[in-house]
Amino acid sequence: MQESYLVDAIDLTLVRRVLVIKLRHYGDVLLTSPVFSILAKAIPDVEIDALVYADTSPMLELHPSISQLHCIDRKWKKQGVKSQWLHERQLVQVLCSRQYDLVIHLTEHARGARLVRRLKPRYAVAQSYPGKRGHWWRDSFTHTYRIPAKPRHTVEIHLDALRRLGIYPAIEDRRLVLTPGPDADKKASELMQEHGLKKGNYLLLHPTSRWMFKGWSRRGFAEVLQQLHGNGYRLVLTSAPDPAEMGVIKQIISDIVELPIVNLAGTLSLKELSALIDHASCFIGLDSVPMHIAAAMNTPCVALFGPSNEKIWGPWQVKHALLAKEYSCRPCGLDGCGNGKISDCLMAINAEEVVSAVEEMLS
């Protein structure tokens with residue numbers, strides 16, 4: 001760790017336990033993984049816990065630098081006010097018993113500030129939000145930090161919280177960390193054996209996203225599959241089990257019924273998907289959590305971007321090709337053009353460009 005130039009840098013010798021809070025979606029949580037590795041390296045013998053939503057916990061489970069993973073289940077709200085209150089109280093009791101010396105809050109969620117006030121750590125850090133959060137927010141933390149107006153990758157924004165405390169991460173320590181685990185590895189091995197796949201001899205395509213406005217042409221993906229098959233590649237198709245995503249897969253499959261595609265759509269857990277991506281020679285997909293998983297597994301990827309900003313959400317520290325059209329309005333962050341769920345900038349990408357990017361990636 002470098003010497004700190006901050007006047008108010010924290011005394012790391014006083015930090016025994018840390019809580020990192022990230023209450024967001026799958027990809028957002030995975031992009032926090034370097035924070036834990038860097039903290040563990042900077043503070044010997046530290047215990048680092050995480051607080052996330054229960055459904056996103058696979059992104060951090062088995063992380064070698066995490067001691068305990070605490071979860072908030074969004075289903076608590078459906079169990080009634082009393083049941084939710086009991087769950088919340090039990091969680092707070094567990095967190096209080098950990099006696100954290102440092103809390104790192106990585107979103108604008110008010111729950112994080114309330115927890116800091118309840119846990120009373122020696123140090124607490126969060127991003128400042130000028131004009132959006134008042135003195136109550138600022139007074140909840142010992143340290144706050146600003147992010148630049150120009151786009152900055154989400155991983156670096158997370159790491160700015162550490163820089164604000166006087167911890168300066170080395171470039172080689174900023175990699176994403178995701179451990180599929182023995183059960184997922186076993187399942188992936190069984191599937192590969194069943195379908196005659198070997199490490200590095202197949203491409204994995206994940207043509208869906210939970211956000212429809214990030215989706216590309218169904219026909220385009222069908223053409224990509226046809227061309228890649230014609231070029232001699234083994235192909236694996238995956239998606240989440242969500243009905244909307246399975247509908248996309250059904251449309252794609254209807255156009256390529258004659259191709260020997262290994263269709264695993266809707267059948268894999270995130271950990272199992274991670275293990276299969278780890279063995280693929282290339283990942284092809286959208287701006288979605290599987291793309292970030294590919295980066296974590298160090299699998300080269302071809303990613304299609306439209307409304308979202310690749311400077312903020314692009315594949316992190318992995319060999320990749322980004323396909324994005326130079327539209328004057330992108331990246332807009334909107335729910336499709338005119339909020340119509342379909343993004344013209346994505347639809348302008350053609351199948352030949354995707355195949356060419358894959359070929360170049362593998363050459």
# chains A, B, ... in the order shown; residues from 1 in each chain; ligands from 1
>>> select_by_dssp(residues="range 162-325 of chain A", states="strand (DSSP E)", output="PyMOL selection string")
chain A and resi 202-206+234-237+262-263+282-286+301-304+320-323
>>> residues_around(residues="Ser239 in chain A", least_positions_apart="3", cutoff="6 Å", atoms="only C-alpha atoms", output="MDAnalysis selection string")
chainID A and resid 206 265:266
>>> residues_around(residues="Leu273 in chain A", least_positions_apart="5", cutoff="12 Å", atoms="only C-alpha atoms", output="PyMOL selection string")
chain A and resi 58-59+178-181+183-189+191+204-206+236-240+264-268+278-280+283+289-294+297
>>> decode(residues="range 306-347 of chain A", atoms="N, CA and C atoms", output="tab-separated table (two decimals), in the first residue's frame")
chain	number	residue	atom	x	y	z
A	306	GLY	N	-25.73	-0.29	-26.41
A	306	GLY	CA	-26.63	0.68	-27.00
A	306	GLY	C	-26.86	1.85	-26.06
A	307	PRO	N	-28.00	1.87	-25.34
A	307	PRO	CA	-28.31	3.02	-24.47
A	307	PRO	C	-27.37	3.19	-23.29
A	308	SER	N	-26.74	2.09	-22.82
A	308	SER	CA	-25.86	2.19	-21.65
A	308	SER	C	-24.45	2.60	-22.07
A	309	ASN	N	-23.72	3.15	-21.13
A	309	ASN	CA	-22.40	3.74	-21.39
A	309	ASN	C	-21.30	2.71	-21.13
A	310	GLU	N	-20.59	2.35	-22.17
A	310	GLU	CA	-19.51	1.35	-22.04
A	310	GLU	C	-18.36	1.85	-21.18
A	311	LYS	N	-18.21	3.17	-21.06
A	311	LYS	CA	-17.15	3.69	-20.20
A	311	LYS	C	-17.46	3.44	-18.73
A	312	ILE	N	-18.73	3.28	-18.41
A	312	ILE	CA	-19.15	3.03	-17.04
A	312	ILE	C	-19.36	1.53	-16.79
A	313	TRP	N	-19.87	0.82	-17.80
A	313	TRP	CA	-20.30	-0.56	-17.60
A	313	TRP	C	-19.59	-1.58	-18.49
A	314	GLY	N	-18.57	-1.18	-19.22
A	314	GLY	CA	-17.91	-2.09	-20.15
A	314	GLY	C	-17.19	-3.24	-19.46
A	315	PRO	N	-16.82	-4.29	-20.23
A	315	PRO	CA	-16.07	-5.42	-19.66
A	315	PRO	C	-14.79	-4.94	-18.99
A	316	TRP	N	-14.54	-5.40	-17.77
A	316	TRP	CA	-13.48	-4.85	-16.94
A	316	TRP	C	-12.25	-5.75	-16.94
A	317	GLN	N	-11.13	-5.17	-17.37
A	317	GLN	CA	-9.83	-5.83	-17.33
A	317	GLN	C	-9.86	-7.24	-17.95
A	318	VAL	N	-10.44	-7.34	-19.13
A	318	VAL	CA	-10.46	-8.59	-19.87
A	318	VAL	C	-10.36	-8.26	-21.35
A	319	LYS	N	-9.79	-9.16	-22.13
A	319	LYS	CA	-9.73	-8.97	-23.57
A	319	LYS	C	-11.14	-8.95	-24.12
A	320	HIS	N	-11.48	-7.89	-24.87
A	320	HIS	CA	-12.86	-7.78	-25.34
A	320	HIS	C	-12.96	-6.91	-26.59
A	321	ALA	N	-14.11	-7.03	-27.25
A	321	ALA	CA	-14.47	-6.16	-28.37
A	321	ALA	C	-15.83	-5.57	-28.06
A	322	LEU	N	-15.94	-4.26	-28.20
A	322	LEU	CA	-17.20	-3.56	-27.96
A	322	LEU	C	-17.81	-3.16	-29.29
A	323	LEU	N	-19.08	-3.48	-29.48
A	323	LEU	CA	-19.79	-3.07	-30.67
A	323	LEU	C	-20.83	-2.03	-30.28
A	324	ALA	N	-20.66	-0.81	-30.78
A	324	ALA	CA	-21.57	0.28	-30.47
A	324	ALA	C	-21.57	1.26	-31.64
A	325	LYS	N	-22.73	1.77	-31.99
A	325	LYS	CA	-22.86	2.69	-33.10
A	325	LYS	C	-22.75	4.14	-32.62
A	326	GLU	N	-22.18	4.98	-33.46
A	326	GLU	CA	-21.99	6.39	-33.12
A	326	GLU	C	-23.26	7.19	-33.39
A	327	TYR	N	-24.24	7.01	-32.57
A	327	TYR	CA	-25.45	7.83	-32.64
A	327	TYR	C	-25.26	9.07	-31.77
A	328	SER	N	-25.77	10.19	-32.23
A	328	SER	CA	-25.58	11.45	-31.49
A	328	SER	C	-26.23	11.40	-30.11
A	329	CYS	N	-27.24	10.55	-29.96
A	329	CYS	CA	-27.99	10.51	-28.70
A	329	CYS	C	-27.47	9.46	-27.72
A	330	ARG	N	-26.56	8.59	-28.14
A	330	ARG	CA	-26.10	7.55	-27.23
A	330	ARG	C	-24.77	7.94	-26.58
A	331	PRO	N	-24.57	7.49	-25.33
A	331	PRO	CA	-25.48	6.65	-24.55
A	331	PRO	C	-26.53	7.50	-23.84
A	332	CYS	N	-27.78	7.12	-23.98
A	332	CYS	CA	-28.87	7.93	-23.43
A	332	CYS	C	-29.38	7.39	-22.10
A	333	GLY	N	-29.22	6.08	-21.87
A	333	GLY	CA	-29.72	5.49	-20.64
A	333	GLY	C	-31.23	5.34	-20.60
A	334	LEU	N	-31.90	5.56	-21.73
A	334	LEU	CA	-33.36	5.49	-21.75
A	334	LEU	C	-33.85	4.07	-22.00
A	335	ASP	N	-35.11	3.86	-21.70
A	335	ASP	CA	-35.74	2.55	-21.83
A	335	ASP	C	-36.17	2.32	-23.28
A	336	GLY	N	-35.19	2.35	-24.18
A	336	GLY	CA	-35.47	2.25	-25.61
A	336	GLY	C	-35.81	3.61	-26.18
A	337	CYS	N	-35.75	3.73	-27.49
A	337	CYS	CA	-36.09	5.01	-28.15
A	337	CYS	C	-37.55	5.35	-27.87
A	338	GLY	N	-37.78	6.56	-27.37
A	338	GLY	CA	-39.14	6.95	-27.03
A	338	GLY	C	-39.74	6.09	-25.94
A	339	ASN	N	-38.86	5.48	-25.10
A	339	ASN	CA	-39.29	4.53	-24.06
A	339	ASN	C	-40.09	3.37	-24.64
A	340	GLY	N	-39.74	2.98	-25.89
A	340	GLY	CA	-40.45	1.91	-26.57
A	340	GLY	C	-39.80	0.55	-26.46
A	341	LYS	N	-38.80	0.40	-25.57
A	341	LYS	CA	-38.12	-0.87	-25.28
A	341	LYS	C	-37.14	-1.32	-26.36
A	342	ILE	N	-37.17	-0.70	-27.54
A	342	ILE	CA	-36.25	-1.07	-28.63
A	342	ILE	C	-35.33	0.10	-28.89
A	343	SER	N	-34.02	-0.17	-28.97
A	343	SER	CA	-33.02	0.88	-29.14
A	343	SER	C	-32.44	0.83	-30.55
A	344	ASP	N	-32.68	1.88	-31.32
A	344	ASP	CA	-32.23	1.91	-32.71
A	344	ASP	C	-30.71	1.73	-32.82
A	345	CYS	N	-29.96	2.31	-31.87
A	345	CYS	CA	-28.50	2.22	-31.94
A	345	CYS	C	-28.02	0.78	-31.84
A	346	LEU	N	-28.75	-0.06	-31.10
A	346	LEU	CA	-28.40	-1.47	-31.01
A	346	LEU	C	-28.82	-2.21	-32.28
A	347	MET	N	-30.01	-1.91	-32.77
A	347	MET	CA	-30.52	-2.59	-33.95
A	347	MET	C	-29.69	-2.30	-35.20
